[in-house]
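One file, input34.cif, carrying mmCIF, C-alpha atoms:
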```cif
data_target
#
loop_
_atom_site.label_atom_id
_atom_site.label_comp_id
_atom_site.auth_asym_id
_atom_site.auth_seq_id
_atom_site.Cartn_x
_atom_site.Cartn_y
_atom_site.Cartn_z
CA MET A 1 -16.24 49.66 0.46
CA LYS A 2 -16.16 48.12 -3.04
CA LYS A 3 -12.54 47.04 -2.51
CA LEU A 4 -13.47 45.31 0.73
CA LEU A 5 -16.32 43.49 -1.02
CA MET A 6 -14.01 42.43 -3.86
CA ILE A 7 -11.36 41.15 -1.45
CA GLY A 8 -14.00 39.30 0.57
CA SER A 9 -15.41 37.73 -2.59
CA VAL A 10 -11.98 36.58 -3.73
CA ILE A 11 -11.32 35.00 -0.33
CA VAL A 12 -14.66 33.17 -0.39
CA VAL A 13 -13.98 31.88 -3.92
CA LEU A 14 -10.49 30.70 -2.91
CA PHE A 15 -11.84 28.80 0.09
CA ALA A 16 -14.54 27.21 -2.06
CA ALA A 17 -11.91 26.16 -4.60
CA ILE A 18 -9.75 24.61 -1.86
CA ILE A 19 -12.74 22.63 -0.56
CA VAL A 20 -13.65 21.39 -4.02
CA LEU A 21 -10.06 20.39 -4.83
CA THR A 22 -9.69 18.56 -1.49
CA ASN A 23 -12.92 16.65 -2.08
CA VAL A 24 -11.86 15.69 -5.61
CA SER A 25 -8.46 14.54 -4.34
CA ASN A 26 -10.03 12.51 -1.51
CA LYS A 27 -12.50 10.87 -3.89
CA SER A 28 -9.68 9.94 -6.25
CA LYS A 29 -7.62 8.40 -3.42
CA LEU A 30 -10.61 6.47 -2.05
CA GLU A 31 -11.46 5.02 -5.46
CA SER A 32 -7.87 4.03 -6.24
CA ALA A 33 -6.50 0.52 -5.97
CA ASN A 34 -4.43 1.67 -2.97
CA ASN A 35 -7.46 1.78 -0.65
CA PRO A 36 -7.35 -1.39 1.47
CA TYR A 37 -10.22 -0.19 3.69
CA GLY A 38 -12.94 -1.00 1.13
CA ASP A 39 -16.01 1.19 1.40
CA LYS A 40 -15.42 2.29 5.01
CA GLU A 41 -15.82 6.02 5.48
CA LEU A 42 -12.33 7.17 6.44
CA LYS A 43 -11.04 10.07 8.48
CA GLN A 44 -8.95 12.65 6.65
CA GLU A 45 -5.66 11.62 8.27
CA THR A 46 -6.13 8.05 7.02
CA ILE A 47 -7.00 9.27 3.53
CA ASP A 48 -3.79 11.30 3.54
CA GLN A 49 -1.77 8.11 4.20
CA LEU A 50 -3.32 5.99 1.45
CA ASP A 51 -0.50 6.73 -0.99
CA ASP A 52 2.32 6.73 1.61
CA LYS A 53 4.79 3.93 0.76
CA ASN A 54 5.25 3.12 4.45
CA TYR A 55 1.56 2.29 4.94
CA GLN A 56 0.93 -0.20 2.16
CA ASN A 57 0.49 -3.37 4.23
CA ILE A 58 -2.81 -2.50 5.90
CA MET A 59 -4.77 -5.42 7.30
CA LEU A 60 -8.39 -5.19 8.39
CA PRO A 61 -9.25 -6.43 11.90
CA ASP A 62 -11.34 -9.39 10.66
CA LYS A 63 -8.42 -10.70 8.60
CA LEU A 64 -6.08 -10.41 11.60
CA GLU A 65 -8.52 -12.35 13.74
CA GLU A 66 -8.77 -15.07 11.05
CA LYS A 67 -5.00 -15.46 10.93
CA ILE A 68 -4.66 -15.57 14.72
CA GLU A 69 -7.48 -18.13 15.06
CA ALA A 70 -5.86 -20.26 12.34
CA GLY A 71 -2.66 -20.31 14.41
CA GLU A 72 -0.63 -18.53 11.76
CA PRO A 73 2.37 -16.51 12.92
CA VAL A 74 1.43 -12.83 12.60
CA ASN A 75 3.36 -9.63 13.19
CA ALA A 76 0.74 -6.98 13.96
CA TYR A 77 1.73 -3.32 14.03
CA PHE A 78 -0.96 -1.13 15.59
CA PHE A 79 -0.64 2.52 14.61
CA SER A 80 -2.56 5.75 14.32
CA PRO A 81 -2.08 8.31 11.54
CA ILE A 82 -2.17 11.09 14.16
CA CYS A 83 0.47 9.51 16.42
CA VAL A 84 3.80 11.32 16.23
CA HIS A 85 5.63 8.25 17.56
CA CYS A 86 4.10 6.13 14.78
CA GLN A 87 5.13 8.75 12.24
CA ALA A 88 8.70 8.46 13.54
CA LEU A 89 8.84 4.64 13.83
CA THR A 90 7.02 3.49 10.70
CA PRO A 91 9.57 4.88 8.18
CA VAL A 92 12.27 2.97 10.07
CA LEU A 93 10.32 -0.23 10.80
CA MET A 94 8.79 -0.96 7.41
CA PRO A 95 11.96 -0.70 5.27
CA MET A 96 13.91 -2.64 7.92
CA ALA A 97 11.26 -5.39 7.91
CA ASP A 98 11.33 -5.51 4.10
CA ASP A 99 15.13 -5.85 4.13
CA MET A 100 14.87 -8.68 6.67
CA GLY A 101 12.07 -10.45 4.79
CA ILE A 102 9.54 -9.91 7.57
CA ASP A 103 5.86 -9.41 6.77
CA ILE A 104 4.17 -6.91 9.08
CA ALA A 105 0.41 -6.38 9.10
CA GLN A 106 -0.46 -2.76 9.82
CA LEU A 107 -3.67 -2.08 11.76
CA ASN A 108 -5.10 1.41 12.02
CA VAL A 109 -6.51 1.97 15.53
CA TYR A 110 -7.69 5.45 14.50
CA GLU A 111 -10.24 3.86 12.17
CA TYR A 112 -10.92 0.76 14.29
CA ASP A 113 -10.95 1.96 17.88
CA ASP A 114 -12.29 -1.36 19.21
CA LEU A 115 -8.77 -2.74 18.66
CA TRP A 116 -7.59 -0.86 21.77
CA GLU A 117 -9.62 -3.01 24.12
CA LYS A 118 -9.49 -6.23 22.11
CA TYR A 119 -5.68 -6.36 22.10
CA ASN A 120 -5.12 -4.51 25.39
CA LEU A 121 -3.33 -1.61 23.71
CA LYS A 122 -2.10 1.19 25.96
CA ALA A 123 -0.38 3.39 23.37
CA THR A 124 0.67 3.55 19.76
CA PRO A 125 2.72 2.30 18.17
CA THR A 126 2.37 -1.24 19.49
CA PHE A 127 3.89 -4.28 17.78
CA ILE A 128 2.55 -7.72 18.76
CA ARG A 129 3.90 -11.08 17.62
CA PHE A 130 1.30 -13.88 17.54
CA GLU A 131 2.13 -17.58 17.22
CA ASP A 132 -0.21 -20.56 17.50
CA GLY A 133 -3.13 -18.24 18.23
CA LYS A 134 -1.45 -16.50 21.17
CA GLU A 135 0.53 -13.36 21.79
CA VAL A 136 4.17 -14.25 22.39
CA ASN A 137 5.75 -10.81 22.61
CA ARG A 138 5.15 -7.10 22.14
CA PHE A 139 6.80 -3.74 22.26
CA VAL A 140 5.15 -0.39 22.81
CA GLY A 141 6.48 2.95 21.62
CA ALA A 142 9.15 4.00 19.18
CA LEU A 143 12.28 1.91 19.68
CA LYS A 144 15.75 3.01 18.69
CA GLU A 145 16.86 1.48 15.40
CA GLU A 146 19.31 -0.96 16.99
CA ASP A 147 16.72 -2.09 19.59
CA LEU A 148 14.15 -2.54 16.85
CA ARG A 149 16.55 -4.68 14.80
CA THR A 150 17.37 -6.79 17.87
CA PHE A 151 13.67 -7.30 18.60
CA LEU A 152 12.94 -8.38 15.03
CA GLU A 153 15.94 -10.73 14.95
CA THR A 154 15.29 -12.40 18.30
CA VAL A 155 11.48 -12.43 18.52
CA VAL A 156 10.38 -12.67 14.90
CA LEU A 157 13.30 -14.37 13.15
CA LYS A 158 14.43 -16.18 16.34
CA LYS A 159 18.14 -15.81 15.60
#
```

Output the file's structure in the form of structure tokens.
Amino acid sequence: MKKLLMIGSVIVVLFAAIIVLTNVSNKSKLESANNPYGDKELKQETIDQLDDKNYQNIMLPDKLEEKIEAGEPVNAYFFSPICVHCQALTPVLMPMADDMGIDIAQLNVYEYDDLWEKYNLKATPTFIRFEDGKEVNRFVGALKEEDLRTFLETVVLKK
């Protein structure tokens, strides 16, 4: 009986330690300079992406709206940290865009679920090109690398 109590106590202490370490890690990430979400309370999956090199061009919805209303050309990439298709496409899209000199604003629909209705999103990932305050083109889903390159060249770079 004493062994069972000892084992149970060790397990409880280990779980408590894991919880404390996770909370300390989350707090550190949220307070770092890499948190573009400001003081918004974030879901764990978003916190986990804060230091991911492929998710460093986050734009908040208000800023996107400002750019669209100003008529600026904007490449908006709507993603969710829990979307397996986003997890497959983003590591291909972001380095490719960097190599091509294309700026892509990343918008997290997991944190801002009103974006679904506002931009008529049906699935993630969704990429929308805005020009002169209007949507000019979009793709939905994870494209093959060659299709993605063609889209960026013809729609964004207009080659």

Min atom-atom distance to Arg129 in chain A from the set A:Leu89, A:Val109, A:Glu72, A:Cys83, counting only C-alpha atoms, belongs to A:Glu72

Counting all atoms listed in the file, the residue among A:Leu107, A:Met6, A:Ile102, A:Cys86 that lies closest to Glu65 in chain A is A:Leu107

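Nearest to Ile128 in chain A of all the residues A:Pro91, A:Pro36, A:Ile82, A:Phe151 is A:Phe151, based on only C-alpha atoms.
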
Target residues per the PyMOL selection byres ((chain A and resi 135) around 12), formatted as a ChimeraX atom specification: /A:68-69,71-76,119-120,127-134,136-139,155

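Note that the spacing between CA of Pro61 in chain A and CA of Glu146 in chain A amounts to 29.5 Å.
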
CA of Gly38 in chain A sits from CA of Gln106 in chain A at a separation of 15.3 Å

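If you measure from each of A:Val140, A:Ile47, A:Leu60, A:Val10 to Pro81 in chain A using only C-alpha atoms, the closest one turns out to be A:Ile47.
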
For CA of Met96 in chain A and CA of Gln44 in chain A, the interatomic separation in Å (one decimal):
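Separation between CA of Met96 in chain A and CA of Gln44 in chain A: 27.5 Å.
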
From the list A:Leu4, A:Leu14, A:Met100, A:Ala88, the nearest residue to Thr150 in chain A using only C-alpha atoms is A:Met100

With distances taken over only C-alpha atoms, the candidate from A:Val12, A:Leu50, A:Leu152, A:Leu42 nearest Gly101 in chain A is A:Leu152
